[in-house]
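*Asks:* Pasting entry-v8.cif here (mmCIF, C-alpha atoms and all ligand atoms):
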```cif
data_structure
loop_
_atom_site.label_atom_id
_atom_site.label_comp_id
_atom_site.auth_asym_id
_atom_site.auth_seq_id
_atom_site.Cartn_x
_atom_site.Cartn_y
_atom_site.Cartn_z
CA MET D 1 181.80 126.15 -31.37
CA PRO D 2 181.36 125.08 -27.70
CA ALA D 3 183.58 122.16 -26.62
CA ARG D 4 181.75 118.81 -26.43
CA ILE D 5 182.03 117.38 -22.92
CA ALA D 6 181.04 113.84 -21.94
CA ILE D 7 180.24 112.98 -18.33
CA ASN D 8 180.86 109.35 -17.46
CA GLY D 9 179.14 108.49 -14.16
CA TYR D 10 176.06 110.55 -13.38
CA GLY D 11 175.79 110.40 -9.59
CA THR D 12 176.49 112.94 -6.82
CA ILE D 13 179.38 114.64 -8.60
CA GLY D 14 178.54 113.82 -12.22
CA LYS D 15 175.08 115.40 -12.22
CA ARG D 16 176.47 118.58 -10.65
CA VAL D 17 179.35 118.78 -13.13
CA ALA D 18 176.86 118.28 -15.99
CA ASP D 19 174.70 121.20 -14.83
CA ALA D 20 177.76 123.41 -14.31
CA ILE D 21 179.03 122.62 -17.82
CA ALA D 22 175.59 123.32 -19.27
CA ALA D 23 175.75 126.75 -17.60
CA GLN D 24 178.89 127.78 -19.59
CA ASP D 25 178.87 129.39 -23.04
CA ASP D 26 182.14 127.80 -24.20
CA MET D 27 181.28 124.14 -23.56
CA ARG D 28 178.23 121.90 -23.75
CA VAL D 29 177.12 118.52 -22.43
CA ALA D 30 177.62 116.02 -25.28
CA GLY D 31 176.04 113.31 -23.14
CA VAL D 32 176.07 111.50 -19.81
CA ALA D 33 176.78 107.80 -19.28
CA LYS D 34 175.31 105.59 -16.59
CA THR D 35 175.18 101.94 -15.58
CA LYS D 36 171.63 101.91 -14.21
CA PRO D 37 168.27 103.10 -15.58
CA ASP D 38 167.36 104.72 -12.24
CA PHE D 39 165.64 108.03 -11.41
CA GLU D 40 168.85 109.96 -12.11
CA ALA D 41 168.96 108.53 -15.64
CA LYS D 42 165.34 109.51 -16.23
CA LEU D 43 165.96 113.02 -14.92
CA ALA D 44 169.01 113.38 -17.20
CA ILE D 45 166.70 112.79 -20.18
CA ARG D 46 164.19 115.32 -18.83
CA LYS D 47 167.00 117.87 -18.56
CA GLY D 48 167.84 117.29 -22.21
CA TYR D 49 171.19 115.53 -21.69
CA PRO D 50 171.75 112.73 -24.22
CA LEU D 51 171.87 109.54 -22.13
CA TYR D 52 174.29 106.70 -22.90
CA ALA D 53 174.60 103.24 -21.37
CA ALA D 54 178.05 102.67 -19.83
CA ASN D 55 178.43 99.31 -21.64
CA LYS D 56 176.46 96.56 -23.44
CA ASP D 57 175.18 94.97 -20.19
CA ALA D 58 173.94 98.35 -19.02
CA ALA D 59 172.32 98.92 -22.44
CA ALA D 60 170.29 95.72 -21.95
CA LYS D 61 169.10 97.01 -18.55
CA PHE D 62 168.08 100.36 -20.07
CA ASP D 63 166.19 98.54 -22.87
CA LYS D 64 164.40 96.30 -20.37
CA ALA D 65 163.37 99.32 -18.28
CA GLY D 66 162.13 101.13 -21.39
CA VAL D 67 164.60 104.00 -20.89
CA LYS D 68 165.76 105.23 -24.28
CA THR D 69 169.50 105.81 -24.76
CA ALA D 70 171.48 107.54 -27.48
CA GLY D 71 174.01 104.69 -27.59
CA VAL D 72 176.84 103.30 -25.45
CA LEU D 73 179.76 105.06 -23.77
CA ASP D 74 182.16 104.21 -26.62
CA ASP D 75 179.98 106.22 -29.04
CA LEU D 76 179.83 109.16 -26.62
CA VAL D 77 183.59 109.17 -26.00
CA LYS D 78 184.34 109.10 -29.73
CA SER D 79 182.15 112.13 -30.38
CA SER D 80 183.48 114.23 -27.45
CA ASP D 81 186.48 116.52 -26.93
CA LEU D 82 186.88 115.58 -23.27
CA VAL D 83 185.41 113.21 -20.69
CA VAL D 84 184.79 114.18 -17.08
CA ASP D 85 184.97 110.81 -15.33
CA CYS D 86 182.71 110.87 -12.26
CA THR D 87 182.46 107.11 -11.82
CA PRO D 88 183.33 105.45 -8.51
CA GLU D 89 187.06 105.10 -7.82
CA GLU D 90 189.10 102.69 -9.91
CA SER D 91 186.41 102.11 -12.54
CA GLY D 92 189.28 101.67 -14.97
CA TYR D 93 188.31 103.73 -18.02
CA LYS D 94 191.75 105.17 -18.77
CA PRO D 95 192.56 102.66 -21.58
CA LEU D 96 189.22 103.47 -23.27
CA TYR D 97 189.97 107.22 -23.26
CA GLU D 98 193.54 106.64 -24.42
CA LYS D 99 192.34 104.45 -27.28
CA ALA D 100 189.81 107.08 -28.36
CA GLY D 101 192.47 109.82 -28.08
CA VAL D 102 190.21 111.88 -25.83
CA LYS D 103 191.28 114.02 -22.86
CA ALA D 104 189.90 113.20 -19.41
CA ILE D 105 189.44 114.56 -15.90
CA TRP D 106 189.06 112.23 -12.90
CA GLN D 107 187.84 112.86 -9.36
CA GLY D 108 189.41 112.55 -5.92
CA GLY D 109 188.59 108.87 -5.40
CA GLU D 110 191.45 108.11 -7.80
CA GLN D 111 195.12 108.11 -6.85
CA HIS D 112 197.35 110.98 -7.99
CA SER D 113 199.46 108.35 -9.81
CA LEU D 114 196.63 107.77 -12.34
CA THR D 115 197.41 111.13 -13.98
CA ASN D 116 200.52 112.41 -12.15
CA LEU D 117 198.82 115.80 -12.36
CA SER D 118 196.31 116.95 -9.75
CA PHE D 119 194.44 120.17 -10.47
CA ASN D 120 193.47 123.22 -8.49
CA ALA D 121 192.51 126.27 -10.53
CA ALA D 122 194.11 128.84 -8.21
CA VAL D 123 197.35 126.90 -7.76
CA ASN D 124 198.36 125.18 -10.99
CA TYR D 125 195.99 126.04 -13.87
CA GLN D 126 198.98 127.04 -15.98
CA ASP D 127 200.79 123.71 -15.39
CA CYS D 128 197.73 121.82 -16.64
CA LEU D 129 197.25 123.79 -19.90
CA GLY D 130 196.89 121.33 -22.77
CA ALA D 131 197.40 118.24 -20.56
CA ASN D 132 195.66 115.04 -21.62
CA PHE D 133 194.69 113.80 -18.15
CA VAL D 134 194.26 115.45 -14.74
CA ARG D 135 192.63 114.56 -11.47
CA VAL D 136 190.64 117.01 -9.35
CA PRO D 137 191.49 116.03 -5.75
CA SER D 138 188.81 115.16 -3.22
CA CYS D 139 186.39 117.56 -1.54
CA ASN D 140 188.42 117.62 1.70
CA THR D 141 191.71 118.13 -0.13
CA THR D 142 190.24 120.91 -2.28
CA GLY D 143 188.90 122.54 0.89
CA LEU D 144 192.30 122.49 2.59
CA ILE D 145 194.07 123.83 -0.53
CA ARG D 146 191.58 126.72 -0.86
CA THR D 147 192.49 128.23 2.53
CA LEU D 148 196.10 127.07 2.94
CA PHE D 149 197.43 128.19 -0.46
CA PRO D 150 196.69 131.91 0.14
CA LEU D 151 198.07 131.67 3.69
CA ASP D 152 201.30 130.17 2.37
CA ALA D 153 201.56 132.83 -0.35
CA HIS D 154 201.07 135.76 2.07
CA PHE D 155 202.53 134.69 5.39
CA GLY D 156 204.45 131.48 4.62
CA VAL D 157 203.33 128.25 6.26
CA ALA D 158 205.88 126.48 8.48
CA SER D 159 203.54 123.60 9.38
CA VAL D 160 199.87 122.58 9.46
CA LEU D 161 197.89 120.15 11.57
CA ALA D 162 194.37 119.67 10.21
CA VAL D 163 191.80 117.50 11.95
CA MET D 164 189.00 116.53 9.63
CA VAL D 165 185.59 115.66 11.01
CA ARG D 166 184.15 113.84 8.02
CA ARG D 167 180.53 113.28 7.07
CA ALA D 168 179.55 109.60 7.04
CA THR D 169 178.10 109.63 3.52
CA ASP D 170 176.11 111.85 1.15
CA PRO D 171 172.46 112.81 1.88
CA GLY D 172 171.06 110.62 -0.91
CA ASP D 173 172.79 107.47 0.36
CA SER D 174 171.05 105.24 2.91
CA LYS D 175 173.53 102.35 2.79
CA LYS D 176 176.67 103.63 4.51
CA GLY D 177 177.42 104.67 8.07
CA PRO D 178 178.28 105.12 10.84
CA ILE D 179 174.80 106.04 12.02
CA ASN D 180 175.56 106.13 15.75
CA ALA D 181 179.31 106.05 16.29
CA ILE D 182 182.49 108.05 15.79
CA GLU D 183 185.03 106.29 13.64
CA PRO D 184 188.70 107.32 13.79
CA ASP D 185 190.85 106.87 10.70
CA LEU D 186 193.72 104.90 12.21
CA GLU D 187 196.04 105.62 9.31
CA MET D 188 198.54 108.37 10.23
CA PRO D 189 198.64 110.76 8.52
CA SER D 190 195.22 110.32 6.94
CA HIS D 191 195.47 110.27 3.14
CA HIS D 192 194.39 113.93 2.95
CA GLY D 193 197.80 115.40 3.90
CA PRO D 194 199.72 113.59 1.15
CA ASP D 195 196.84 114.41 -1.19
CA VAL D 196 197.20 118.15 -0.50
CA GLN D 197 200.90 117.71 -1.36
CA SER D 198 199.92 116.34 -4.79
CA VAL D 199 199.06 119.99 -5.58
CA LEU D 200 201.21 121.85 -3.01
CA PRO D 201 204.30 119.59 -2.81
CA ASN D 202 206.24 121.82 -0.39
CA LEU D 203 203.49 122.30 2.18
CA ASN D 204 204.40 120.74 5.53
CA ILE D 205 200.98 119.31 6.47
CA HIS D 206 199.82 116.54 8.76
CA THR D 207 196.18 115.40 8.82
CA ILE D 208 194.00 113.35 11.15
CA ALA D 209 190.48 112.22 10.25
CA VAL D 210 187.40 110.96 12.09
CA LYS D 211 184.03 110.05 10.59
CA VAL D 212 180.81 111.15 12.31
CA PRO D 213 177.08 110.44 11.78
CA THR D 214 176.13 113.40 9.60
CA THR D 215 175.54 113.67 5.86
CA ILE D 216 175.62 117.37 5.19
CA MET D 217 179.20 118.65 5.42
CA HIS D 218 182.78 118.01 6.52
CA LEU D 219 184.27 120.23 9.21
CA HIS D 220 187.99 120.98 9.48
CA THR D 221 189.77 122.31 12.56
CA VAL D 222 193.10 123.68 11.40
CA ALA D 223 196.20 124.80 13.33
CA VAL D 224 198.86 126.56 11.27
CA ASP D 225 202.33 127.79 12.27
CA LEU D 226 202.99 130.85 10.11
CA LYS D 227 206.45 132.03 9.08
CA LYS D 228 205.54 135.74 9.31
CA THR D 229 203.51 137.29 12.11
CA ALA D 230 199.84 137.96 11.40
CA THR D 231 196.60 139.03 13.06
CA ALA D 232 193.19 137.41 12.67
CA ASP D 233 192.05 140.46 10.66
CA ALA D 234 195.03 140.20 8.31
CA VAL D 235 194.28 136.52 7.73
CA LEU D 236 190.60 137.26 7.04
CA ASP D 237 191.64 140.01 4.64
CA VAL D 238 193.78 137.58 2.63
CA TRP D 239 190.93 135.07 2.34
CA LYS D 240 188.45 137.85 1.48
CA ARG D 241 190.46 138.66 -1.62
CA PHE D 242 190.69 135.01 -2.60
CA PRO D 243 188.02 133.28 -4.72
CA ARG D 244 185.89 130.38 -3.48
CA VAL D 245 186.32 131.09 0.23
CA THR D 246 183.33 132.57 2.04
CA PHE D 247 182.62 133.55 5.63
CA VAL D 248 179.98 132.62 8.17
CA SER D 249 179.64 133.90 11.69
CA GLY D 250 178.64 132.32 14.98
CA GLY D 251 177.49 135.82 15.98
CA ASP D 252 174.94 135.69 13.14
CA GLY D 253 173.59 132.42 14.49
CA VAL D 254 175.64 130.09 12.29
CA LYS D 255 176.62 127.75 15.11
CA SER D 256 177.01 124.56 13.08
CA THR D 257 176.99 123.00 9.62
CA ALA D 258 173.18 122.80 9.89
CA GLN D 259 172.90 126.60 9.67
CA ILE D 260 175.46 126.76 6.87
CA MET D 261 173.33 124.43 4.78
CA GLU D 262 170.21 126.43 5.71
CA LEU D 263 172.05 129.54 4.49
CA ALA D 264 172.97 127.68 1.30
CA ARG D 265 169.30 126.79 0.75
CA ASP D 266 168.37 130.44 1.29
CA LEU D 267 170.83 131.45 -1.45
CA SER D 268 168.55 129.55 -3.89
CA ARG D 269 171.39 128.18 -5.98
CA ASN D 270 171.10 124.99 -7.99
CA ARG D 271 170.51 122.10 -5.50
CA ALA D 272 171.35 124.51 -2.61
CA ASP D 273 175.03 123.78 -3.33
CA LEU D 274 177.72 125.78 -1.54
CA TYR D 275 180.74 125.71 -3.83
CA GLU D 276 182.84 127.91 -1.55
CA ILE D 277 184.67 126.81 1.57
CA ALA D 278 182.90 128.36 4.58
CA VAL D 279 185.24 129.74 7.24
CA TRP D 280 183.87 130.88 10.61
CA ARG D 281 184.94 134.54 10.77
CA ASP D 282 184.71 134.60 14.57
CA GLY D 283 186.51 131.25 14.85
CA VAL D 284 189.78 132.62 13.47
CA HIS D 285 192.35 133.13 16.24
CA VAL D 286 196.03 134.03 16.19
CA VAL D 287 198.09 133.28 19.30
CA ASP D 288 201.54 134.84 19.83
CA GLY D 289 201.48 136.28 16.30
CA ARG D 290 202.30 133.08 14.47
CA ARG D 291 200.00 130.26 15.58
CA LEU D 292 196.71 130.44 13.65
CA TYR D 293 193.59 128.41 14.46
CA TYR D 294 190.45 128.27 12.32
CA PHE D 295 187.40 126.20 11.50
CA GLN D 296 186.02 125.62 8.03
CA ALA D 297 183.19 123.60 6.56
CA VAL D 298 183.18 121.84 3.19
CA HIS D 299 180.07 121.02 1.17
CA GLN D 300 181.41 117.72 -0.08
CA GLU D 301 178.93 117.37 -2.93
CA SER D 302 179.81 120.63 -4.64
CA ASP D 303 183.15 122.31 -3.80
CA VAL D 304 184.96 120.38 -6.56
CA VAL D 305 182.40 121.34 -9.24
CA PRO D 306 183.88 124.72 -10.27
CA GLU D 307 187.35 123.13 -10.32
CA ASN D 308 186.10 120.61 -12.89
CA VAL D 309 184.80 123.40 -15.13
CA ASP D 310 188.15 125.23 -14.96
CA ALA D 311 190.02 121.98 -15.60
CA VAL D 312 188.03 121.56 -18.84
CA ARG D 313 189.14 125.04 -19.97
CA ALA D 314 192.77 124.34 -19.04
CA LEU D 315 193.01 120.94 -20.76
CA LEU D 316 191.28 122.12 -23.93
CA GLU D 317 193.11 125.49 -23.76
CA ILE D 318 189.80 127.29 -24.20
CA GLU D 319 191.13 129.93 -21.82
CA ARG D 320 194.84 130.34 -21.11
CA ASP D 321 194.45 132.45 -17.98
CA GLY D 322 193.30 130.62 -14.84
CA ARG D 323 191.98 133.72 -13.13
CA THR D 324 189.77 134.59 -16.11
CA SER D 325 188.43 131.02 -16.21
CA MET D 326 187.67 131.08 -12.49
CA GLN D 327 185.83 134.40 -12.80
CA LYS D 328 183.77 133.07 -15.68
CA THR D 329 182.90 129.86 -13.82
CA ASP D 330 182.09 131.70 -10.61
CA ARG D 331 179.81 134.19 -12.36
CA SER D 332 177.88 131.38 -14.03
CA LEU D 333 177.35 129.51 -10.73
CA GLY D 334 176.61 132.56 -8.56
CA ILE D 335 179.78 132.06 -6.51
CA GLY D 336 180.86 135.01 -4.42
CA VAL D 337 177.42 136.53 -4.16
CA ALA D 338 177.03 135.54 -0.47
CA ARG D 339 180.19 137.20 0.76
P1 LIG D 401 178.16 108.19 -6.91
O1 LIG D 401 178.10 106.78 -6.46
O2 LIG D 401 177.21 109.17 -6.32
O3 LIG D 401 177.99 108.26 -8.48
C1 LIG D 401 178.67 107.40 -9.34
C2 LIG D 401 177.87 107.28 -10.62
O4 LIG D 401 178.61 106.45 -11.52
C3 LIG D 401 176.52 106.63 -10.46
O5 LIG D 401 175.61 107.27 -11.32
C4 LIG D 401 176.74 105.19 -10.93
O6 LIG D 401 175.54 104.63 -11.46
C5 LIG D 401 177.77 105.40 -12.01
N1 LIG D 401 178.63 104.26 -12.24
C6 LIG D 401 178.98 103.29 -11.39
N2 LIG D 401 179.84 102.43 -11.98
C7 LIG D 401 180.01 102.89 -13.24
C8 LIG D 401 180.75 102.44 -14.35
N3 LIG D 401 181.50 101.35 -14.31
N4 LIG D 401 180.68 103.15 -15.50
C9 LIG D 401 179.92 104.27 -15.60
N5 LIG D 401 179.20 104.73 -14.55
C10 LIG D 401 179.24 104.05 -13.41
O7 LIG D 401 179.67 108.64 -6.69
P2 LIG D 401 180.21 110.11 -6.44
O8 LIG D 401 180.05 110.43 -4.99
O9 LIG D 401 179.65 111.04 -7.45
O10 LIG D 401 181.76 109.88 -6.65
C11 LIG D 401 182.36 109.91 -7.94
C12 LIG D 401 183.82 110.32 -7.79
O11 LIG D 401 183.86 111.62 -7.19
C13 LIG D 401 184.65 109.41 -6.86
O12 LIG D 401 185.98 109.42 -7.32
C14 LIG D 401 184.58 110.14 -5.52
O13 LIG D 401 185.63 109.82 -4.68
C15 LIG D 401 184.65 111.58 -5.99
N6 LIG D 401 184.13 112.59 -5.06
C16 LIG D 401 182.98 112.37 -4.35
C17 LIG D 401 182.53 113.34 -3.47
C18 LIG D 401 181.29 113.16 -2.67
O14 LIG D 401 181.18 113.73 -1.60
N7 LIG D 401 180.33 112.40 -3.11
C19 LIG D 401 183.24 114.54 -3.33
C20 LIG D 401 184.38 114.75 -4.10
C21 LIG D 401 184.83 113.77 -4.96
#
```
Just dump the structure as C-alpha cells.
*Replies:*
Amino acid sequence: MPARIAINGYGTIGKRVADAIAAQDDMRVAGVAKTKPDFEAKLAIRKGYPLYAANKDAAAKFDKAGVKTAGVLDDLVKSSDLVVDCTPEESGYKPLYEKAGVKAIWQGGEQHSLTNLSFNAAVNYQDCLGANFVRVPSCNTTGLIRTLFPLDAHFGVASVLAVMVRRATDPGDSKKGPINAIEPDLEMPSHHGPDVQSVLPNLNIHTIAVKVPTTIMHLHTVAVDLKKTATADAVLDVWKRFPRVTFVSGGDGVKSTAQIMELARDLSRNRADLYEIAVWRDGVHVVDGRRLYYFQAVHQESDVVPENVDAVRALLEIERDGRTSMQKTDRSLGIGVAR
C-alpha cells in the first residue's frame, strides 16, 4: 500500500512537494494543511488533495469562506505515516508530530539543530534510513552541495569561496524586496557555508551573499581550490555523470537566468520547474590546474523538491538504496531529459 504523506503548509514548496509525491507509485498525498482559504487552498481541492485547516482558528476562516475541509491538521497527522512540513520557518510543529508518533521532514528555513540530521540524497541517504526527523537544507545550500560533493569525491576540495547572488523573493510574492537596490548580507560567512557543512562537515567552504531585484533564480559564482589537478573537461565529465546537475551554454544564447527559465518553460514540465542545478558549460575555467571557477543557477522554488521525495523513502525505508530512489524520483519528474 502506498505510504500516506501529509503536507503541512501548502505554499511555494508545499504545493510542489505535493505534486511530486502524487507522481510516485509508492506514496500518496493523504492531505494538505493550510492556514488560509486562499486560491491555493481552492486549487488543492480541485487537484483532489484532501484539504485540512491548520488549526481551529483556521477552520473558522475556511467555514466562513465556504471552503470545505476534511478536518484539522491533528486529524491529518494522526492518519499519516509522515509529514512534510513546508510551513514558514519556526512554525513550531515538532511537539505535535512527536505526540502523534509520526515522522517528519522540514525545509531549509529551519536550523539544523531542529533535527540534527540534514538530508541530501546523493550524500547521506543511508545515514537517514529509518530516522524520525530530517531537514532538507535550503535551495542555495542544496545547489552548492550538488556540484561540490562530486568535485570533492573526484578531485578533493581544499577550499571553496562561493558568492551567492540571491533572488529577492519568489515570483508569486509582491510584498518583499529589494525592488531597486543591491543588499549585501553583512554576516560573514553568510549562513550558507555552515549550512553546507551540516551535510558535508569536512568541506572547507566560505560563502558571501548579496540580494538583488530578481525573482526567478539564484546565481552562484564559485571558486574552488582542488587537491588534484583537473581540466575544465574533466570537471564537466564528473558533473555529467552526476544526477540533478544540468548544463546550459552562453554559446547557445543562454546569457542569463532569464534564458534558463525560458528553457525550463520550453521543457513543459510541471510549473516550468527546473529541479536540476544549471551550470554554464562555457563558464567553467581551470587556472594552473587546481583553481576552478564556475557559475551555476538555482531554481529556488524547485531544486529541493526531489530531495523531499527521496527523504520520504529514506525515513520510511520504502527503498534502502539512495541511488535507486533518486532514479525513480527523477524519472517521475522528467529530470535529466534536458541534458
Ligand atoms: P510560503 O510562504 O510560500 O508557504 C508557506 C505555506 O504555509 C503557506 O501556504 C501558508 O499559508 C502556510 N502556513 C503559514 N503558517 C502556517 C502554519 N502555522 N501552519 C500551517 N501552514 C502555515 O513559504 P515557502 O517559500 O514554501 O517556504 C516554506 C519552507 O521552505 C521554509 O522553511 C523556507 O525557508 C523553505 N524553502 C523555501 C524556498 C523558496 O524559495 N521559497 C526554497 C527552499 C526552501
*Asks:* When distances are computed from all atoms listed in the file, which of D:Lys211, D:Asn124, D:Leu203, D:Ala272 shows the smallest separation from D:Glu183?
*Replies:* D:Lys211
*Asks:* Would you list the contacts of D:Val84 as a list in words, taking every protein, DNA or RNA residue within 6 Å and counting only C-alpha atoms, but skipping same-chain residues closer than 5 positions in sequence?
*Replies:*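 Near neighbours after the sequence-gap exclusion: Ile7, Ala104 and Ile105 of chain D.
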*Asks:* Near D:Leu117, within 8 Å and counting only C-alpha atoms, which residues show up once chain neighbours fewer than 5 positions away are dropped, as a PyMOL selection string?
*Replies:* chain D and resi 112+128+133-135+198-199
*Asks:* Enumerate as a tab-separated table (two decimals) with C-alpha atoms, in the coordinates of the input the residues within 8 Å of ligand LIG 401 (chain D), counting only C-alpha atoms and all ligand atoms.
*Replies:*
```
chain	number	residue	atom	x	y	z
D	8	ASN	CA	180.86	109.35	-17.46
D	9	GLY	CA	179.14	108.49	-14.16
D	10	TYR	CA	176.06	110.55	-13.38
D	11	GLY	CA	175.79	110.40	-9.59
D	12	THR	CA	176.49	112.94	-6.82
D	13	ILE	CA	179.38	114.64	-8.60
D	14	GLY	CA	178.54	113.82	-12.22
D	15	LYS	CA	175.08	115.40	-12.22
D	33	ALA	CA	176.78	107.80	-19.28
D	34	LYS	CA	175.31	105.59	-16.59
D	35	THR	CA	175.18	101.94	-15.58
D	36	LYS	CA	171.63	101.91	-14.21
D	40	GLU	CA	168.85	109.96	-12.11
D	53	ALA	CA	174.60	103.24	-21.37
D	54	ALA	CA	178.05	102.67	-19.83
D	55	ASN	CA	178.43	99.31	-21.64
D	85	ASP	CA	184.97	110.81	-15.33
D	86	CYS	CA	182.71	110.87	-12.26
D	87	THR	CA	182.46	107.11	-11.82
D	88	PRO	CA	183.33	105.45	-8.51
D	89	GLU	CA	187.06	105.10	-7.82
D	90	GLU	CA	189.10	102.69	-9.91
D	91	SER	CA	186.41	102.11	-12.54
D	92	GLY	CA	189.28	101.67	-14.97
D	106	TRP	CA	189.06	112.23	-12.90
D	107	GLN	CA	187.84	112.86	-9.36
D	108	GLY	CA	189.41	112.55	-5.92
D	109	GLY	CA	188.59	108.87	-5.40
D	110	GLU	CA	191.45	108.11	-7.80
D	136	VAL	CA	190.64	117.01	-9.35
D	137	PRO	CA	191.49	116.03	-5.75
D	138	SER	CA	188.81	115.16	-3.22
D	139	CYS	CA	186.39	117.56	-1.54
D	140	ASN	CA	188.42	117.62	1.70
D	169	THR	CA	178.10	109.63	3.52
D	170	ASP	CA	176.11	111.85	1.15
D	299	HIS	CA	180.07	121.02	1.17
D	300	GLN	CA	181.41	117.72	-0.08
D	301	GLU	CA	178.93	117.37	-2.93
D	302	SER	CA	179.81	120.63	-4.64
D	303	ASP	CA	183.15	122.31	-3.80
D	304	VAL	CA	184.96	120.38	-6.56
```
*Asks:* Suppose you want the space between atom CA of D:Met1 and atom CA of D:Tyr49; what is it in Å?
*Replies:* 17.9 Å
